[in-house]
Amino acid sequence: MPLSPEDAAAHAAKMARIKTARDKMMATKTGEKGLIIVHTGAGKGKSSAAFGMILRCIAHEMPCAVVQFIKGGWDTGERRLLTARFPDLCRFYAMGEGFTWETQDKARDIAAARAGWDMAKTLIRDETLRLVLLDEINIALRYGYLDLAEVLAFLRAEKPPLTHVVLTGRNAAAELIEAADLVTEMTQVKHPFRAGIKAQAGVEF
């Protein structure tokens, strides 16, 4: 249904006001810094959103890196794509040996988490990398495989000023949320797993 001339004029005036207000707000946003970004919550999409940021970096030809703390045993689509197609722009390290209940060996899990964190520190210190993704590190922190105070102290003291670090996983610690610049909580509303649907390629991995 076509708009009347009056409705079209009212809409144009409204949009012009919105644009003026937004332009004024955006003019005050001139700062740039490397962010500490946390994706947490019970809902699906934490790692998926983080890997979307990795692809954005690649699209801008910005070097980046991934350290996977828990899903190391999985043959994931993102791992296949990044290691096969973009090894020059994205360094990928799958350090975990599977989910914690699969190994049933706490000492082994702690060793894998420590190795992942040592690699993460090396990558974060590398100022040529624009973004470093620490995938599922929140799970390693929650189980006590890594020391939260150590992780926070390192990010505060040694993260280069323009490097983004993304930390994913459920149950992010309150102290990490407080230290972060950007926090997103994924809320689960509905999930097919509860209806007997298994994890599927292209959706979960």
# chains A, B, ... in the order shown; residues from 1 in each chain; ligands from 1

call {"tool": "select_by_dssp", "arguments": {"residues": "stretch 16-175 of chain A", "states": "strand (DSSP E)", "output": "short mmCIF file (atom, residue, chain, number, x, y, z; two decimals) with N, CA and C atoms, in the first residue's frame"}}
result
data_model
loop_
_atom_site.label_atom_id
_atom_site.label_comp_id
_atom_site.auth_asym_id
_atom_site.auth_seq_id
_atom_site.Cartn_x
_atom_site.Cartn_y
_atom_site.Cartn_z
N ILE A 36 38.74 -6.66 25.80
CA ILE A 36 38.53 -7.97 26.42
C ILE A 36 37.04 -8.27 26.26
N ILE A 37 36.75 -9.34 25.54
CA ILE A 37 35.38 -9.67 25.15
C ILE A 37 35.01 -11.03 25.72
N VAL A 38 33.85 -11.11 26.35
CA VAL A 38 33.40 -12.37 26.96
C VAL A 38 32.06 -12.78 26.34
N HIS A 39 32.00 -14.02 25.87
CA HIS A 39 30.75 -14.63 25.41
C HIS A 39 30.42 -15.75 26.40
N THR A 40 29.32 -15.63 27.11
CA THR A 40 28.98 -16.62 28.12
C THR A 40 27.48 -16.89 28.09
N CYS A 64 45.19 -13.22 13.14
CA CYS A 64 44.47 -13.57 14.37
C CYS A 64 44.86 -14.99 14.76
N ALA A 65 44.33 -15.44 15.90
CA ALA A 65 44.69 -16.78 16.37
C ALA A 65 43.57 -17.34 17.22
N VAL A 66 43.54 -18.67 17.30
CA VAL A 66 42.54 -19.40 18.09
C VAL A 66 43.26 -20.42 18.97
N VAL A 67 42.87 -20.45 20.24
CA VAL A 67 43.28 -21.54 21.12
C VAL A 67 42.00 -22.19 21.63
N GLN A 68 41.80 -23.47 21.33
CA GLN A 68 40.63 -24.19 21.81
C GLN A 68 41.03 -25.00 23.03
N CYS A 90 45.34 -16.96 10.17
CA CYS A 90 44.81 -17.44 11.44
C CYS A 90 45.61 -18.64 11.93
N ARG A 91 46.24 -18.48 13.08
CA ARG A 91 46.96 -19.56 13.72
C ARG A 91 45.97 -20.30 14.63
N PHE A 92 45.91 -21.62 14.49
CA PHE A 92 44.87 -22.40 15.16
C PHE A 92 45.51 -23.50 16.00
N TYR A 93 45.18 -23.51 17.30
CA TYR A 93 45.74 -24.50 18.21
C TYR A 93 44.61 -25.16 19.00
N ALA A 94 44.40 -26.45 18.75
CA ALA A 94 43.40 -27.22 19.49
C ALA A 94 44.13 -27.95 20.61
N LEU A 131 43.51 -10.19 16.96
CA LEU A 131 42.51 -10.81 17.83
C LEU A 131 42.96 -12.22 18.19
N VAL A 132 42.80 -12.57 19.46
CA VAL A 132 43.09 -13.93 19.92
C VAL A 132 41.84 -14.47 20.59
N LEU A 133 41.36 -15.59 20.10
CA LEU A 133 40.17 -16.24 20.64
C LEU A 133 40.59 -17.38 21.57
N LEU A 134 40.14 -17.32 22.81
CA LEU A 134 40.38 -18.37 23.79
C LEU A 134 39.05 -19.12 23.96
N ASP A 135 38.85 -20.10 23.10
CA ASP A 135 37.56 -20.78 23.01
C ASP A 135 37.37 -21.77 24.15
N HIS A 164 42.64 -7.50 20.64
CA HIS A 164 41.37 -7.98 21.19
C HIS A 164 41.56 -9.42 21.68
N VAL A 165 41.00 -9.73 22.83
CA VAL A 165 41.01 -11.10 23.34
C VAL A 165 39.57 -11.49 23.64
N VAL A 166 39.13 -12.60 23.05
CA VAL A 166 37.77 -13.10 23.24
C VAL A 166 37.83 -14.38 24.06
N LEU A 167 37.04 -14.42 25.13
CA LEU A 167 37.00 -15.58 26.02
C LEU A 167 35.58 -16.13 26.00
N THR A 168 35.42 -17.41 25.63
CA THR A 168 34.09 -17.97 25.53
C THR A 168 33.88 -19.09 26.56
#

call {"tool": "residues_around", "arguments": {"residues": "stretch 102-115 of chain A", "least_positions_apart": "4", "cutoff": "12 Å", "atoms": "only C-alpha atoms", "output": "PyMOL selection string"}}
result
chain A and resi 67-74+93-98+119-122+134-147+150-151

call {"tool": "write_last_selection", "arguments": {"atoms": "C-alpha atoms", "output": "tab-separated table (two decimals), in the first residue's frame"}}
result
chain	number	residue	atom	x	y	z
A	67	VAL	CA	43.28	-21.54	21.12
A	68	GLN	CA	40.63	-24.19	21.81
A	69	PHE	CA	40.70	-25.38	25.40
A	70	ILE	CA	37.98	-28.05	25.42
A	71	LYS	CA	36.93	-29.05	21.90
A	72	GLY	CA	40.36	-30.24	20.79
A	73	GLY	CA	39.14	-33.75	20.10
A	74	TRP	CA	36.37	-32.58	17.77
A	93	TYR	CA	45.74	-24.50	18.21
A	94	ALA	CA	43.40	-27.22	19.49
A	95	MET	CA	44.88	-27.89	22.93
A	96	GLY	CA	42.13	-29.77	24.73
A	97	GLU	CA	41.53	-33.50	24.39
A	98	GLY	CA	37.75	-33.38	24.55
A	119	MET	CA	50.19	-20.93	24.08
A	120	ALA	CA	47.55	-18.23	24.64
A	121	LYS	CA	50.04	-16.03	26.49
A	122	THR	CA	52.56	-16.35	23.65
A	134	LEU	CA	40.38	-18.37	23.79
A	135	ASP	CA	37.56	-20.78	23.01
A	136	GLU	CA	35.91	-22.45	26.03
A	137	ILE	CA	38.51	-21.07	28.45
A	138	ASN	CA	35.67	-20.27	30.87
A	139	ILE	CA	35.11	-24.00	31.37
A	140	ALA	CA	38.77	-24.51	32.23
A	141	LEU	CA	38.53	-21.63	34.68
A	142	ARG	CA	35.31	-22.92	36.22
A	143	TYR	CA	36.80	-26.35	36.91
A	144	GLY	CA	39.91	-24.78	38.42
A	145	TYR	CA	42.23	-26.07	35.71
A	146	LEU	CA	43.52	-22.51	35.34
A	147	ASP	CA	43.93	-19.83	37.97
A	150	GLU	CA	46.62	-15.32	36.99
A	151	VAL	CA	44.59	-14.97	33.79

call {"tool": "closest_residue", "arguments": {"among": "A:Gly43, A:Pro161, A:Pro2, A:Gly116", "to": "A:Leu129", "atoms": "only C-alpha atoms"}}
result
A:Pro161

call {"tool": "atom_distance", "arguments": {"atom1": "atom CA of A:Glu158", "atom2": "atom CA of A:Leu89"}}
result
22.3 Å

call {"tool": "select_by_dssp", "arguments": {"residues": "chain A", "states": "helix (DSSP H, G or I)", "output": "count of residues only"}}
result
100

call {"tool": "residues_around", "arguments": {"residues": "A:Glu175", "least_positions_apart": "6", "cutoff": "9 Å", "atoms": "only C-alpha atoms", "output": "ChimeraX atom specification"}}
result
/A:148-149,152

call {"tool": "residues_around", "arguments": {"residues": "A:Gly45", "least_positions_apart": "6", "cutoff": "12 Å", "atoms": "only C-alpha atoms", "output": "ChimeraX atom specification"}}
result
/A:39,51-52,135-136,168-170,184-188,191,203-205

call {"tool": "write_last_selection", "arguments": {"atoms": "N, CA and C atoms", "output": "JSON list (two decimals), in the first residue's frame"}}
result
[["chain", "number", "residue", "atom", "x", "y", "z"],
["A", 39, "HIS", "N", 32.00, -14.02, 25.87],
["A", 39, "HIS", "CA", 30.75, -14.63, 25.41],
["A", 39, "HIS", "C", 30.42, -15.75, 26.40],
["A", 51, "PHE", "N", 33.83, -17.06, 16.40],
["A", 51, "PHE", "CA", 34.44, -17.41, 15.11],
["A", 51, "PHE", "C", 33.97, -16.47, 14.01],
["A", 52, "GLY", "N", 32.80, -15.89, 14.15],
["A", 52, "GLY", "CA", 32.40, -14.83, 13.22],
["A", 52, "GLY", "C", 33.35, -13.66, 13.29],
["A", 135, "ASP", "N", 38.85, -20.10, 23.10],
["A", 135, "ASP", "CA", 37.56, -20.78, 23.01],
["A", 135, "ASP", "C", 37.37, -21.77, 24.15],
["A", 136, "GLU", "N", 36.29, -21.60, 24.90],
["A", 136, "GLU", "CA", 35.91, -22.45, 26.03],
["A", 136, "GLU", "C", 36.87, -22.33, 27.22],
["A", 168, "THR", "N", 35.42, -17.41, 25.63],
["A", 168, "THR", "CA", 34.09, -17.97, 25.53],
["A", 168, "THR", "C", 33.88, -19.09, 26.56],
["A", 169, "GLY", "N", 32.63, -19.45, 26.73],
["A", 169, "GLY", "CA", 32.27, -20.57, 27.59],
["A", 169, "GLY", "C", 31.25, -20.18, 28.64],
["A", 170, "ARG", "N", 30.50, -21.15, 29.09],
["A", 170, "ARG", "CA", 29.48, -20.94, 30.12],
["A", 170, "ARG", "C", 30.10, -20.49, 31.44],
["A", 184, "THR", "N", 28.66, -10.52, 26.40],
["A", 184, "THR", "CA", 27.37, -10.96, 25.85],
["A", 184, "THR", "C", 26.99, -12.27, 26.50],
["A", 185, "GLU", "N", 25.76, -12.34, 26.99],
["A", 185, "GLU", "CA", 25.26, -13.57, 27.59],
["A", 185, "GLU", "C", 24.22, -14.19, 26.67],
["A", 186, "MET", "N", 24.49, -15.40, 26.22],
["A", 186, "MET", "CA", 23.56, -16.13, 25.37],
["A", 186, "MET", "C", 22.52, -16.82, 26.26],
["A", 187, "THR", "N", 21.26, -16.52, 26.04],
["A", 187, "THR", "CA", 20.18, -17.08, 26.85],
["A", 187, "THR", "C", 19.49, -18.18, 26.06],
["A", 188, "GLN", "N", 19.40, -19.36, 26.65],
["A", 188, "GLN", "CA", 18.72, -20.46, 25.97],
["A", 188, "GLN", "C", 17.21, -20.34, 26.13],
["A", 191, "HIS", "N", 16.01, -25.57, 22.67],
["A", 191, "HIS", "CA", 17.14, -26.28, 22.07],
["A", 191, "HIS", "C", 16.67, -27.66, 21.62],
["A", 203, "VAL", "N", 25.83, -26.91, 12.46],
["A", 203, "VAL", "CA", 25.07, -26.17, 13.47],
["A", 203, "VAL", "C", 25.87, -26.09, 14.76],
["A", 204, "GLU", "N", 26.22, -27.25, 15.30],
["A", 204, "GLU", "CA", 27.00, -27.28, 16.54],
["A", 204, "GLU", "C", 28.50, -27.34, 16.33],
["A", 205, "PHE", "N", 28.93, -27.91, 15.22],
["A", 205, "PHE", "CA", 30.37, -28.05, 15.01],
["A", 205, "PHE", "C", 30.70, -28.05, 13.52]]

call {"tool": "atom_distance", "arguments": {"atom1": "atom CA of A:Gln200", "atom2": "atom CA of A:Asp75"}}
result
12.0 Å

call {"tool": "atom_distance", "arguments": {"atom1": "atom CA of A:Ala10", "atom2": "atom CA of A:Thr28"}}
result
28.2 Å

call {"tool": "closest_residue", "arguments": {"among": "A:Thr76, A:Glu127, A:Pro63, A:Gly202", "to": "A:Asp88", "atoms": "only C-alpha atoms"}}
result
A:Pro63

call {"tool": "closest_residue", "arguments": {"among": "A:Ala42, A:Ala195, A:Ile54, A:Leu176", "to": "A:Phe86", "atoms": "only C-alpha atoms"}}
result
A:Ile54
